[in-house]
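File shown: data-v8.pdb. Contents: PDB, C-alpha atoms, pLDDT in the B column.
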```pdb
MODEL        1
ATOM      1  CA  GLN A   1     128.915  89.281 123.245  1.00 74.00           C
ATOM      2  CA  GLY A   2     131.712  91.489 121.994  1.00 82.00           C
ATOM      3  CA  ALA A   3     129.583  94.624 122.219  1.00 84.00           C
ATOM      4  CA  ARG A   4     128.572  93.790 125.789  1.00 85.00           C
ATOM      5  CA  GLN A   5     132.211  93.279 126.727  1.00 90.00           C
ATOM      6  CA  ILE A   6     133.169  96.601 125.181  1.00 91.00           C
ATOM      7  CA  ARG A   7     130.264  98.360 126.919  1.00 88.00           C
ATOM      8  CA  ALA A   8     131.359  96.867 130.261  1.00 91.00           C
ATOM      9  CA  ALA A   9     135.011  97.797 129.783  1.00 94.00           C
ATOM     10  CA  VAL A  10     134.411 101.216 128.197  1.00 92.00           C
ATOM     11  CA  PRO A  11     130.961 102.497 129.215  1.00 88.00           C
ATOM     12  CA  GLU A  12     131.322 105.675 127.139  1.00 86.00           C
ATOM     13  CA  ALA A  13     131.995 103.717 123.932  1.00 85.00           C
ATOM     14  CA  ILE A  14     129.637 104.379 121.032  1.00 83.00           C
ATOM     15  CA  LEU A  15     128.435 101.058 119.614  1.00 86.00           C
ATOM     16  CA  LEU A  16     127.416 100.724 115.954  1.00 86.00           C
ATOM     17  CA  PHE A  17     125.443  97.851 114.493  1.00 86.00           C
ATOM     18  CA  ILE A  18     125.911  97.543 110.738  1.00 87.00           C
ATOM     19  CA  LEU A  19     123.005  95.987 108.856  1.00 86.00           C
ATOM     20  CA  PRO A  20     122.351  95.058 105.252  1.00 85.00           C
ATOM     21  CA  PRO A  21     119.592  97.108 103.593  1.00 83.00           C
ATOM     22  CA  SER A  22     117.328  94.078 103.215  1.00 83.00           C
ATOM     23  CA  VAL A  23     117.126  90.340 103.630  1.00 82.00           C
ATOM     24  CA  GLU A  24     117.348  89.937  99.854  1.00 85.00           C
ATOM     25  CA  VAL A  25     120.616  91.870  99.717  1.00 86.00           C
ATOM     26  CA  MET A  26     122.011  89.884 102.634  1.00 84.00           C
ATOM     27  CA  ILE A  27     121.192  86.596 100.897  1.00 84.00           C
ATOM     28  CA  ALA A  28     122.605  87.826  97.588  1.00 87.00           C
ATOM     29  CA  ARG A  29     125.846  88.831  99.306  1.00 85.00           C
ATOM     30  CA  LEU A  30     126.169  85.469 101.040  1.00 82.00           C
ATOM     31  CA  ARG A  31     125.476  83.537  97.858  1.00 82.00           C
ATOM     32  CA  GLY A  32     127.578  85.877  95.727  1.00 84.00           C
ATOM     33  CA  ARG A  33     130.720  84.990  97.642  1.00 79.00           C
ATOM     34  CA  GLY A  34     130.457  81.450  96.368  1.00 78.00           C
ATOM     35  CA  SER A  35     132.453  80.258  99.365  1.00 79.00           C
ATOM     36  CA  GLU A  36     129.566  78.841 101.401  1.00 78.00           C
ATOM     37  CA  ASP A  37     127.388  75.845 100.641  1.00 83.00           C
ATOM     38  CA  ARG A  38     123.685  75.769 101.557  1.00 82.00           C
ATOM     39  CA  ALA A  39     124.384  74.543 105.090  1.00 86.00           C
ATOM     40  CA  ASP A  40     126.892  77.367 105.642  1.00 85.00           C
ATOM     41  CA  VAL A  41     124.397  79.964 104.413  1.00 84.00           C
ATOM     42  CA  ALA A  42     121.718  78.530 106.707  1.00 86.00           C
ATOM     43  CA  ARG A  43     124.130  78.680 109.668  1.00 86.00           C
ATOM     44  CA  ARG A  44     125.029  82.289 108.831  1.00 85.00           C
ATOM     45  CA  LEU A  45     121.327  83.199 108.691  1.00 86.00           C
ATOM     46  CA  ARG A  46     120.637  81.560 112.061  1.00 86.00           C
ATOM     47  CA  SER A  47     123.619  83.437 113.476  1.00 87.00           C
ATOM     48  CA  ALA A  48     122.200  86.682 112.069  1.00 85.00           C
ATOM     49  CA  LEU A  49     118.939  85.993 113.924  1.00 85.00           C
ATOM     50  CA  ASP A  50     120.868  85.714 117.185  1.00 85.00           C
ATOM     51  CA  GLU A  51     122.870  88.852 116.441  1.00 85.00           C
ATOM     52  CA  LEU A  52     119.718  90.854 115.712  1.00 84.00           C
ATOM     53  CA  GLN A  53     118.622  90.256 119.310  1.00 83.00           C
ATOM     54  CA  ALA A  54     121.460  92.591 120.344  1.00 82.00           C
ATOM     55  CA  VAL A  55     120.391  95.599 118.237  1.00 82.00           C
ATOM     56  CA  PRO A  56     118.797  97.385 121.248  1.00 81.00           C
ATOM     57  CA  ASP A  57     122.182  97.235 123.024  1.00 82.00           C
ATOM     58  CA  PHE A  58     123.769  99.419 120.334  1.00 84.00           C
ATOM     59  CA  ASP A  59     123.729 103.203 120.160  1.00 83.00           C
ATOM     60  CA  TYR A  60     123.333 103.492 116.393  1.00 83.00           C
ATOM     61  CA  VAL A  61     122.424 101.367 113.410  1.00 83.00           C
ATOM     62  CA  VAL A  62     124.144 101.977 110.082  1.00 85.00           C
ATOM     63  CA  VAL A  63     122.860 100.414 106.875  1.00 83.00           C
ATOM     64  CA  ASN A  64     125.502  99.131 104.497  1.00 87.00           C
ATOM     65  CA  ASP A  65     123.608  99.642 101.256  1.00 85.00           C
ATOM     66  CA  ASP A  66     126.480 101.411  99.532  1.00 87.00           C
ATOM     67  CA  LEU A  67     129.949 101.018 101.066  1.00 90.00           C
ATOM     68  CA  PRO A  68     131.169 104.613 100.502  1.00 92.00           C
ATOM     69  CA  THR A  69     127.925 105.980 101.980  1.00 88.00           C
ATOM     70  CA  CYS A  70     128.158 103.603 104.931  1.00 87.00           C
ATOM     71  CA  VAL A  71     131.746 104.690 105.590  1.00 91.00           C
ATOM     72  CA  SER A  72     130.718 108.362 105.313  1.00 89.00           C
ATOM     73  CA  GLU A  73     127.948 107.874 107.860  1.00 85.00           C
ATOM     74  CA  ILE A  74     130.323 106.175 110.281  1.00 88.00           C
ATOM     75  CA  ARG A  75     132.934 108.884 109.740  1.00 89.00           C
ATOM     76  CA  ALA A  76     130.320 111.617 110.360  1.00 87.00           C
ATOM     77  CA  LEU A  77     129.315 109.934 113.596  1.00 84.00           C
ATOM     78  CA  VAL A  78     132.880 109.503 114.827  1.00 84.00           C
ATOM     79  CA  GLU A  79     134.256 112.861 113.706  1.00 86.00           C
ATOM     80  CA  GLU A  80     131.219 115.121 114.041  1.00 82.00           C
ATOM     81  CA  GLY A  81     128.875 113.294 116.396  1.00 77.00           C
ATOM     82  CA  ARG A  82     126.212 113.278 113.656  1.00 74.00           C
ATOM     83  CA  PRO A  83     123.959 110.196 113.876  1.00 68.00           C
ATOM     84  CA  PRO A  84     123.342 107.972 110.836  1.00 67.00           C
ATOM     85  CA  THR A  85     120.423 108.990 108.658  1.00 63.00           C
ATOM     86  CA  GLY A  86     119.990 106.057 106.319  1.00 58.00           C
ATOM     87  CA  PRO A  87     116.744 104.097 106.215  1.00 54.00           C
ATOM     88  CA  TRP A  88     116.627 100.575 107.566  1.00 54.00           C
ATOM     89  CA  LEU A  89     114.105  97.845 108.049  1.00 52.00           C
ATOM     90  CA  GLY A  90     114.424  97.534 111.775  1.00 61.00           C
ATOM     91  CA  PRO A  91     115.434  94.331 113.515  1.00 67.00           C
ATOM     92  CA  ASP A  92     111.938  92.838 113.686  1.00 69.00           C
ATOM     93  CA  ARG A  93     111.279  93.074 109.943  1.00 69.00           C
ATOM     94  CA  LEU A  94     114.781  91.849 109.114  1.00 72.00           C
ATOM     95  CA  ARG A  95     114.412  88.972 111.582  1.00 76.00           C
ATOM     96  CA  SER A  96     111.034  87.907 110.148  1.00 78.00           C
ATOM     97  CA  GLY A  97     112.465  88.014 106.626  1.00 77.00           C
ATOM     98  CA  ILE A  98     115.404  85.824 107.628  1.00 82.00           C
ATOM     99  CA  GLU A  99     113.097  83.379 109.401  1.00 84.00           C
ATOM    100  CA  ALA A 100     110.915  83.123 106.282  1.00 82.00           C
ATOM    101  CA  ILE A 101     113.914  82.403 104.051  1.00 82.00           C
ATOM    102  CA  LEU A 102     115.220  79.808 106.481  1.00 85.00           C
ATOM    103  CA  ARG A 103     111.832  78.044 106.444  1.00 82.00           C
ATOM    104  CA  GLU A 104     111.253  78.315 102.704  1.00 83.00           C
ATOM    105  CA  GLU A 105     114.722  77.711 101.290  1.00 80.00           C
ATOM    106  CA  TYR A 106     116.656  75.949 104.038  1.00 81.00           C
ATOM    107  CA  GLY A 107     113.968  74.010 105.878  1.00 80.00           C
ATOM    108  CA  ASP A 108     115.590  70.685 105.066  1.00 79.00           C
ATOM    109  CA  ILE A 109     118.885  71.787 106.578  1.00 77.00           C
ATOM    110  CA  MET A 110     117.156  73.235 109.624  1.00 66.00           C
ATOM    111  CA  GLN A 111     115.399  69.925 110.272  1.00 63.00           C
ATOM    112  CA  ASP A 112     118.669  67.998 109.905  1.00 58.00           C
ATOM    113  CA  ASP A 113     120.394  70.302 112.413  1.00 56.00           C
ATOM    114  CA  GLU A 114     117.529  70.000 114.901  1.00 55.00           C
ATOM    115  CA  GLN A 115     117.721  66.215 114.720  1.00 53.00           C
ATOM    116  CA  ASP A 116     121.508  66.263 115.233  1.00 53.00           C
ATOM    117  CA  GLY A 117     121.092  68.341 118.392  1.00 52.00           C
ATOM    118  CA  PRO A 118     123.434  71.021 119.754  1.00 50.00           C
TER     119      PRO A 118
ENDMDL
END
```
Can you present the structure in this file as structure tokens?
Amino acid sequence: QGARQIRAAVPEAILLFILPPSVEVMIARLRGRGSEDRADVARRLRSALDELQAVPDFDYVVVNDDLPTCVSEIRALVEEGRPPTGPWLGPDRLRSGIEAILREEYGDIMQDDEQDGP
């Protein structure tokens, strides 16, 4: 929603979508924080699925595999107009990986949430 609001207010804005390099890295980062329980991780993954729907609305995708490299790619885009070059899975492969993890590792939580309703 934020990107759409920015695009509407500033049509010439360059929008960047920052992705993890893989589903496994995303999960490891979430779990590594130690601040979220299983239900929180499942909610974050479902939120990521929704956010991935917006990837086509962005001008560039930057992969945050290595923070200094990610920052360099963003800086090159902003300062030099050079697009990011890093590899990335693409939203469809990332989405399917997240969906698989939600089914396999968080299926019980997903069922509980569905029964509770919105």
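All residues of protein, DNA or RNA that reach within 9 Å of Leu102 (chain A), judged by all atoms listed in the file and not counting those fewer than 6 positions away in the chain, are Ala42, Leu45, Arg46, Ile109 and Met110 of chain A.
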Of the candidates A:Leu94, A:Val71, A:Glu51, A:Phe58, which shows the shortest atom-to-atom distance to Met26 (chain A), using only C-alpha atoms?
->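 Comparing A:Leu94, A:Val71, A:Glu51, A:Phe58 against Met26 (chain A), the winner is A:Leu94.
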Using the chain letters and numbering of this document, enumerate as number ranges by chain the residues selected by the PyMOL selection byres ((chain A and resi 3) around 8).
-> A: 1-2, 4-7, 15, 57-58
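The result of the PyMOL selection byres ((chain A and resi 63-69) around 6) on the shown file is Ile18, Leu19, Pro20, Pro21, Val62, Cys70, Val71 and Ser72 of chain A.
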Could you tell me how far CA of Arg95 (chain A) lies from CA of Leu52 (chain A), in Å and to one decimal?
-> 7.0 Å
Report the distance between CA of Arg43 (chain A) and CA of Ser96 (chain A) in Å, rounded to one decimal place.
->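 CA of Ser96 (chain A) lies 16.0 Å from CA of Arg43 (chain A).
Between CA of Ala48 (chain A) and CA of Glu79 (chain A) the separation is 28.9 Å.
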Report, as lines of an AutoDock Vina configuration file, the axis-aligned box around all atoms of region 59-68 of chain A present in the file, extended by 6 Å on each side; give centre and edge lengths in Å to one decimal place.
```
center_x = 126.8
center_y = 101.9
center_z = 109.8
size_x = 20.7
size_y = 17.5
size_z = 32.6
```
The PyMOL selection byres ((chain A and resi 38) around 12) on the file shown: which residues, as a short mmCIF file (atom, residue, chain, number, x, y, z; two decimals) with C-alpha atoms, in the coordinates of the input?
```
data_model
loop_
_atom_site.label_atom_id
_atom_site.label_comp_id
_atom_site.auth_asym_id
_atom_site.auth_seq_id
_atom_site.Cartn_x
_atom_site.Cartn_y
_atom_site.Cartn_z
CA ILE A 27 121.19 86.60 100.90
CA LEU A 30 126.17 85.47 101.04
CA ARG A 31 125.48 83.54 97.86
CA GLY A 34 130.46 81.45 96.37
CA SER A 35 132.45 80.26 99.36
CA GLU A 36 129.57 78.84 101.40
CA ASP A 37 127.39 75.84 100.64
CA ALA A 39 124.38 74.54 105.09
CA ASP A 40 126.89 77.37 105.64
CA VAL A 41 124.40 79.96 104.41
CA ALA A 42 121.72 78.53 106.71
CA ARG A 43 124.13 78.68 109.67
CA ARG A 44 125.03 82.29 108.83
CA LEU A 45 121.33 83.20 108.69
CA LEU A 102 115.22 79.81 106.48
CA GLU A 105 114.72 77.71 101.29
CA TYR A 106 116.66 75.95 104.04
CA GLY A 107 113.97 74.01 105.88
CA ASP A 108 115.59 70.68 105.07
CA ILE A 109 118.88 71.79 106.58
CA MET A 110 117.16 73.24 109.62
#
```
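If only C-alpha atoms are the atoms counted, then among A:Leu49, A:Glu99, A:Asp59, A:Ile74 the closest residue to Ala13 (chain A) is A:Asp59.
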List as a PyMOL selection string: which residues have an atom within 7 Å of (129.7, 105.4, 115.7), counting all atoms listed in the file?
-> chain A and resi 14-16+60+74+77-78
